[in-house]
file target.pdb (PDB, C-alpha atoms, pLDDT in the B column)
ATOM      1  CA  MET A1454      34.349 -24.019   3.871  1.00 95.00           C
ATOM      2  CA  VAL A1455      35.235 -27.362   2.284  1.00 96.00           C
ATOM      3  CA  LYS A1456      38.881 -27.565   1.225  1.00 98.00           C
ATOM      4  CA  ILE A1457      39.647 -30.083  -1.536  1.00 98.00           C
ATOM      5  CA  LEU A1458      43.068 -31.089  -2.863  1.00 98.00           C
ATOM      6  CA  TYR A1459      43.135 -33.122  -6.088  1.00 98.00           C
ATOM      7  CA  ILE A1460      46.139 -35.399  -6.591  1.00 98.00           C
ATOM      8  CA  CYS A1461      47.720 -37.106  -9.597  1.00 98.00           C
ATOM      9  CA  HIS A1462      51.244 -38.241 -10.384  1.00 97.00           C
ATOM     10  CA  GLY A1463      52.796 -35.035 -11.742  1.00 97.00           C
ATOM     11  CA  ASN A1464      50.131 -32.317 -11.285  1.00 98.00           C
ATOM     12  CA  ILE A1465      50.218 -31.325 -14.946  1.00 98.00           C
ATOM     13  CA  CYS A1466      47.244 -33.255 -16.406  1.00 97.00           C
ATOM     14  CA  ARG A1467      44.512 -34.908 -14.348  1.00 98.00           C
ATOM     15  CA  SER A1468      44.687 -33.095 -11.006  1.00 98.00           C
ATOM     16  CA  PRO A1469      44.812 -29.573 -12.463  1.00 98.00           C
ATOM     17  CA  MET A1470      41.996 -30.559 -14.825  1.00 98.00           C
ATOM     18  CA  ALA A1471      39.980 -31.684 -11.784  1.00 98.00           C
ATOM     19  CA  GLU A1472      40.899 -28.500  -9.891  1.00 98.00           C
ATOM     20  CA  PHE A1473      39.591 -26.230 -12.637  1.00 98.00           C
ATOM     21  CA  VAL A1474      36.570 -28.389 -13.520  1.00 98.00           C
ATOM     22  CA  MET A1475      35.482 -28.356  -9.872  1.00 98.00           C
ATOM     23  CA  LYS A1476      36.087 -24.619  -9.619  1.00 98.00           C
ATOM     24  CA  ALA A1477      33.901 -24.126 -12.714  1.00 98.00           C
ATOM     25  CA  LEU A1478      31.138 -26.339 -11.304  1.00 98.00           C
ATOM     26  CA  VAL A1479      31.244 -24.546  -7.944  1.00 97.00           C
ATOM     27  CA  ARG A1480      31.213 -21.136  -9.678  1.00 97.00           C
ATOM     28  CA  SER A1481      28.252 -22.125 -11.885  1.00 96.00           C
ATOM     29  CA  ARG A1482      26.262 -22.968  -8.753  1.00 95.00           C
ATOM     30  CA  GLY A1483      27.245 -19.803  -6.885  1.00 95.00           C
ATOM     31  CA  LEU A1484      29.120 -21.803  -4.242  1.00 95.00           C
ATOM     32  CA  GLU A1485      32.553 -20.138  -4.486  1.00 94.00           C
ATOM     33  CA  ASP A1486      32.433 -19.071  -0.831  1.00 95.00           C
ATOM     34  CA  GLU A1487      31.839 -22.673   0.272  1.00 95.00           C
ATOM     35  CA  TYR A1488      34.851 -24.312  -1.403  1.00 97.00           C
ATOM     36  CA  HIS A1489      38.608 -23.908  -1.615  1.00 98.00           C
ATOM     37  CA  ILE A1490      40.115 -26.093  -4.364  1.00 98.00           C
ATOM     38  CA  GLU A1491      43.741 -26.844  -5.281  1.00 98.00           C
ATOM     39  CA  SER A1492      45.772 -29.644  -6.852  1.00 98.00           C
ATOM     40  CA  ALA A1493      49.157 -31.271  -6.292  1.00 98.00           C
ATOM     41  CA  ALA A1494      51.283 -34.302  -7.191  1.00 98.00           C
ATOM     42  CA  VAL A1495      52.669 -37.353  -5.432  1.00 98.00           C
ATOM     43  CA  SER A1496      55.904 -36.886  -7.405  1.00 97.00           C
ATOM     44  CA  ASP A1497      58.241 -33.925  -7.613  1.00 96.00           C
ATOM     45  CA  GLU A1498      59.398 -34.610 -11.179  1.00 96.00           C
ATOM     46  CA  GLU A1499      57.133 -31.922 -12.702  1.00 97.00           C
ATOM     47  CA  THR A1500      57.433 -29.354  -9.888  1.00 97.00           C
ATOM     48  CA  GLY A1501      57.282 -25.843 -11.309  1.00 98.00           C
ATOM     49  CA  ASN A1502      55.991 -26.963 -14.714  1.00 98.00           C
ATOM     50  CA  PRO A1503      52.752 -25.543 -16.145  1.00 98.00           C
ATOM     51  CA  ILE A1504      49.638 -27.516 -17.012  1.00 98.00           C
ATOM     52  CA  TYR A1505      50.386 -29.828 -19.947  1.00 97.00           C
ATOM     53  CA  PRO A1506      49.292 -28.114 -23.213  1.00 97.00           C
ATOM     54  CA  PRO A1507      46.877 -30.893 -24.342  1.00 97.00           C
ATOM     55  CA  ALA A1508      45.150 -30.669 -20.920  1.00 98.00           C
ATOM     56  CA  LYS A1509      44.797 -26.900 -21.420  1.00 98.00           C
ATOM     57  CA  ARG A1510      43.346 -27.469 -24.892  1.00 98.00           C
ATOM     58  CA  CYS A1511      40.793 -29.944 -23.531  1.00 98.00           C
ATOM     59  CA  LEU A1512      39.697 -27.542 -20.789  1.00 98.00           C
ATOM     60  CA  THR A1513      39.434 -24.721 -23.327  1.00 98.00           C
ATOM     61  CA  GLN A1514      37.358 -26.875 -25.705  1.00 98.00           C
ATOM     62  CA  HIS A1515      34.894 -27.443 -22.872  1.00 98.00           C
ATOM     63  CA  GLY A1516      34.814 -23.779 -21.850  1.00 97.00           C
ATOM     64  CA  VAL A1517      36.540 -24.431 -18.521  1.00 98.00           C
ATOM     65  CA  HIS A1518      38.619 -21.454 -17.375  1.00 96.00           C
ATOM     66  CA  PHE A1519      42.017 -22.259 -15.878  1.00 97.00           C
ATOM     67  CA  ASP A1520      44.750 -20.180 -14.314  1.00 96.00           C
ATOM     68  CA  ASN A1521      47.647 -20.027 -16.782  1.00 94.00           C
ATOM     69  CA  SER A1522      50.042 -19.362 -13.904  1.00 97.00           C
ATOM     70  CA  LYS A1523      49.255 -22.721 -12.275  1.00 98.00           C
ATOM     71  CA  THR A1524      52.409 -24.791 -11.821  1.00 98.00           C
ATOM     72  CA  ALA A1525      52.925 -28.275 -10.459  1.00 98.00           C
ATOM     73  CA  ARG A1526      53.718 -28.845  -6.822  1.00 98.00           C
ATOM     74  CA  LYS A1527      54.144 -31.895  -4.643  1.00 98.00           C
ATOM     75  CA  ILE A1528      51.798 -32.663  -1.750  1.00 98.00           C
ATOM     76  CA  THR A1529      53.327 -32.265   1.707  1.00 98.00           C
ATOM     77  CA  PRO A1530      52.453 -33.785   5.076  1.00 98.00           C
ATOM     78  CA  ALA A1531      51.158 -30.340   6.133  1.00 98.00           C
ATOM     79  CA  ASP A1532      48.489 -30.554   3.407  1.00 98.00           C
ATOM     80  CA  TYR A1533      46.714 -33.223   5.436  1.00 98.00           C
ATOM     81  CA  ALA A1534      45.817 -30.648   8.077  1.00 97.00           C
ATOM     82  CA  ARG A1535      45.009 -27.931   5.499  1.00 98.00           C
ATOM     83  CA  PHE A1536      42.475 -29.918   3.443  1.00 98.00           C
ATOM     84  CA  ASP A1537      39.208 -31.713   4.239  1.00 97.00           C
ATOM     85  CA  ARG A1538      39.410 -34.034   1.246  1.00 98.00           C
ATOM     86  CA  ILE A1539      42.460 -35.315  -0.637  1.00 98.00           C
ATOM     87  CA  ILE A1540      41.192 -36.810  -3.867  1.00 98.00           C
ATOM     88  CA  CYS A1541      43.445 -39.127  -5.873  1.00 98.00           C
ATOM     89  CA  MET A1542      43.074 -39.903  -9.546  1.00 98.00           C
ATOM     90  CA  ASP A1543      44.237 -43.526  -9.359  1.00 97.00           C
ATOM     91  CA  ALA A1544      45.312 -46.431  -7.146  1.00 96.00           C
ATOM     92  CA  SER A1545      48.987 -45.679  -7.780  1.00 97.00           C
ATOM     93  CA  ASN A1546      48.459 -42.174  -6.335  1.00 97.00           C
ATOM     94  CA  LEU A1547      46.874 -43.774  -3.262  1.00 96.00           C
ATOM     95  CA  ARG A1548      49.901 -46.027  -2.766  1.00 96.00           C
ATOM     96  CA  LEU A1549      52.419 -43.217  -3.269  1.00 97.00           C
ATOM     97  CA  ILE A1550      50.581 -40.772  -1.024  1.00 97.00           C
ATOM     98  CA  ARG A1551      51.074 -43.194   1.880  1.00 95.00           C
ATOM     99  CA  ARG A1552      54.831 -42.438   1.698  1.00 96.00           C
ATOM    100  CA  ILE A1553      54.066 -38.749   2.239  1.00 97.00           C
ATOM    101  CA  ILE A1554      51.042 -39.059   4.525  1.00 97.00           C
ATOM    102  CA  PRO A1555      51.422 -42.473   6.187  1.00 95.00           C
ATOM    103  CA  SER A1556      48.116 -42.449   8.034  1.00 95.00           C
ATOM    104  CA  ASP A1557      44.637 -41.144   7.328  1.00 97.00           C
ATOM    105  CA  PRO A1558      42.933 -41.048  10.750  1.00 97.00           C
ATOM    106  CA  ASP A1559      40.227 -38.649   9.537  1.00 97.00           C
ATOM    107  CA  GLY A1560      39.367 -40.598   6.368  1.00 96.00           C
ATOM    108  CA  LYS A1561      40.215 -37.699   4.064  1.00 97.00           C
ATOM    109  CA  ILE A1562      41.950 -39.601   1.240  1.00 98.00           C
ATOM    110  CA  HIS A1563      39.729 -41.029  -1.528  1.00 96.00           C
ATOM    111  CA  LEU A1564      39.680 -41.958  -5.195  1.00 97.00           C
ATOM    112  CA  LEU A1565      37.727 -39.443  -7.289  1.00 97.00           C
ATOM    113  CA  MET A1566      35.710 -42.120  -9.058  1.00 97.00           C
ATOM    114  CA  SER A1567      34.615 -43.649  -5.735  1.00 96.00           C
ATOM    115  CA  TYR A1568      32.101 -40.791  -5.509  1.00 96.00           C
ATOM    116  CA  THR A1569      30.414 -42.202  -8.614  1.00 96.00           C
ATOM    117  CA  GLY A1570      29.957 -45.575  -6.921  1.00 93.00           C
ATOM    118  CA  ARG A1571      32.808 -47.093  -8.923  1.00 87.00           C
ATOM    119  CA  SER A1572      36.223 -47.233  -7.270  1.00 81.00           C
ATOM    120  CA  ARG A1573      38.249 -47.152 -10.459  1.00 92.00           C
ATOM    121  CA  ASP A1574      41.013 -44.968 -11.823  1.00 96.00           C
ATOM    122  CA  VAL A1575      40.497 -41.762 -13.785  1.00 96.00           C
ATOM    123  CA  ALA A1576      41.824 -42.457 -17.282  1.00 90.00           C
ATOM    124  CA  ASP A1577      45.440 -41.279 -17.561  1.00 93.00           C
ATOM    125  CA  PRO A1578      45.935 -39.217 -20.733  1.00 94.00           C
ATOM    126  CA  TRP A1579      49.713 -39.113 -20.268  1.00 88.00           C
ATOM    127  CA  TYR A1580      49.816 -42.665 -21.643  1.00 88.00           C
ATOM    128  CA  THR A1581      46.752 -42.684 -23.904  1.00 89.00           C
ATOM    129  CA  GLY A1582      46.681 -39.140 -25.268  1.00 93.00           C
ATOM    130  CA  ASP A1583      42.893 -39.317 -24.759  1.00 96.00           C
ATOM    131  CA  PHE A1584      42.168 -36.163 -22.789  1.00 97.00           C
ATOM    132  CA  GLU A1585      38.456 -36.310 -23.617  1.00 97.00           C
ATOM    133  CA  THR A1586      37.934 -39.579 -21.726  1.00 97.00           C
ATOM    134  CA  THR A1587      39.875 -38.102 -18.817  1.00 97.00           C
ATOM    135  CA  PHE A1588      37.713 -34.982 -18.899  1.00 98.00           C
ATOM    136  CA  GLN A1589      34.522 -37.074 -18.876  1.00 97.00           C
ATOM    137  CA  ASP A1590      35.761 -39.115 -15.891  1.00 97.00           C
ATOM    138  CA  ILE A1591      36.675 -35.927 -14.034  1.00 98.00           C
ATOM    139  CA  ILE A1592      33.381 -34.170 -14.709  1.00 98.00           C
ATOM    140  CA  GLU A1593      31.469 -37.267 -13.580  1.00 97.00           C
ATOM    141  CA  GLY A1594      33.520 -37.546 -10.381  1.00 97.00           C
ATOM    142  CA  CYS A1595      33.319 -33.840  -9.547  1.00 98.00           C
ATOM    143  CA  GLU A1596      29.566 -33.732 -10.183  1.00 97.00           C
ATOM    144  CA  ALA A1597      29.159 -36.725  -7.860  1.00 97.00           C
ATOM    145  CA  MET A1598      31.247 -35.004  -5.170  1.00 96.00           C
ATOM    146  CA  LEU A1599      29.037 -31.911  -5.387  1.00 95.00           C
ATOM    147  CA  ALA A1600      25.880 -34.032  -5.265  1.00 93.00           C
ATOM    148  CA  ALA A1601      27.237 -35.571  -2.056  1.00 89.00           C
ATOM    149  CA  ARG A1602      27.759 -31.976  -0.794  1.00 79.00           C
ATOM    150  CA  LEU A1603      31.512 -32.399  -0.352  1.00 65.00           C
TER     151      LEU A1603
END

call {"tool": "encode", "arguments": {"input": "target.pdb", "output": "structure tokens"}}
result
Amino acid sequence: MVKILYICHGNICRSPMAEFVMKALVRSRGLEDEYHIESAAVSDEETGNPIYPPAKRCLTQHGVHFDNSKTARKITPADYARFDRIICMDASNLRLIRRIIPSDPDGKIHLLMSYTGRSRDVADPWYTGDFETTFQDIIEGCEAMLAARL
């Protein structure tokens, strides 16, 4: 089983969107038994908060089911051992994760968009309000991860 942890700053927009998009993609392919998917934050400022309402609306508009009980949590050092892939939404997440997980000897930590062949950030809707662009980045990155059989 491949265990994936998606990471963004607060775990209320991009990483939960990626969690539920990937779960939907895996489910649509009948691969639920092959993947375990979660999300977390590099910050604790949103811990315990639900998915941001505009992110929920975007997922709903695209027919992506999400767990309404999902709340934000911060990544811990123990998550490194629990997950096969730790997928960050942007370069800032990569920098901040190094304070929590200082070394990556197994090469588990990546940017989501690197799977598309472009190591760039996933658009951050917290600042732009553009959840559709974020959704499109996430779907492209998750599809590429599945194509790579990760």

call {"tool": "axis_aligned_box", "arguments": {"input": "target.pdb", "around": "stretch 1570-1587 of chain A", "padding_each_side": "8 Å", "output": "AutoDock Vina command-line options"}}
result
--center_x 39.9 --center_y -41.7 --center_z -16.1 --size_x 35.9 --size_y 27.1 --size_z 34.3

call {"tool": "resolve_selection", "arguments": {"input": "target.pdb", "expression": "the PyMOL selection byres ((chain A and resi 1516) around 12)", "output": "number ranges by chain"}}
result
A: 1473-1474, 1477-1478, 1509-1515, 1517-1519, 1588

call {"tool": "closest_residue", "arguments": {"input": "target.pdb", "among": "A:Ala1597, A:Ala1493, A:Ile1591, A:Ile1465", "to": "A:Asp1574", "atoms": "only C-alpha atoms"}}
result
A:Ile1591

call {"tool": "atom_distance", "arguments": {"input": "target.pdb", "atom1": "atom CA of A:Ile1592", "atom2": "atom CA of A:Tyr1459"}}
result
13.1 Å

call {"tool": "resolve_selection", "arguments": {"input": "target.pdb", "expression": "the PyMOL selection byres ((chain A and resi 1540) around 7)", "output": "ChimeraX atom specification"}}
result
/A:1458-1460,1538-1539,1541-1542,1562-1565

call {"tool": "resolve_selection", "arguments": {"input": "target.pdb", "expression": "the PyMOL selection byres ((chain A and resi 1576) around 6)", "output": "list in words"}}
result
Val1575, Asp1577 and Thr1587 of chain A

call {"tool": "residues_around", "arguments": {"input": "target.pdb", "residues": "A:Cys1466", "least_positions_apart": "5", "cutoff": "8 Å", "atoms": "only C-alpha atoms", "output": "number ranges by chain"}}
result
A: 1461, 1504-1505, 1508, 1578-1579

call {"tool": "closest_residue", "arguments": {"input": "target.pdb", "among": "A:Asn1521, A:His1462, A:Asp1557, A:Tyr1568", "to": "A:Arg1602", "atoms": "all atoms listed in the file"}}
result
A:Tyr1568

call {"tool": "atom_distance", "arguments": {"input": "target.pdb", "atom1": "atom CA of A:Met1454", "atom2": "atom CA of A:Ala1471"}}
result
18.3 Å

call {"tool": "atom_distance", "arguments": {"input": "target.pdb", "atom1": "atom CA of A:Arg1482", "atom2": "atom CA of A:Val1455"}}
result
14.9 Å

call {"tool": "closest_residue", "arguments": {"input": "target.pdb", "among": "A:Ser1567, A:Val1479, A:Pro1469, A:Glu1491", "to": "A:Pro1503", "atoms": "all atoms listed in the file"}}
result
A:Pro1469

call {"tool": "closest_residue", "arguments": {"input": "target.pdb", "among": "A:Asp1543, A:Glu1593, A:Asp1532, A:Asp1497", "to": "A:Arg1467", "atoms": "all atoms listed in the file"}}
result
A:Asp1543

call {"tool": "residues_around", "arguments": {"input": "target.pdb", "residues": "A:Ile1457", "least_positions_apart": "5", "cutoff": "10 Å", "atoms": "only C-alpha atoms", "output": "list in words"}}
result
Glu1472, Met1475, Tyr1488, His1489, Ile1490, Glu1491, Ser1492, Arg1535, Phe1536, Asp1537, Arg1538, Ile1539, Ile1540, Lys1561 and Leu1603 of chain A
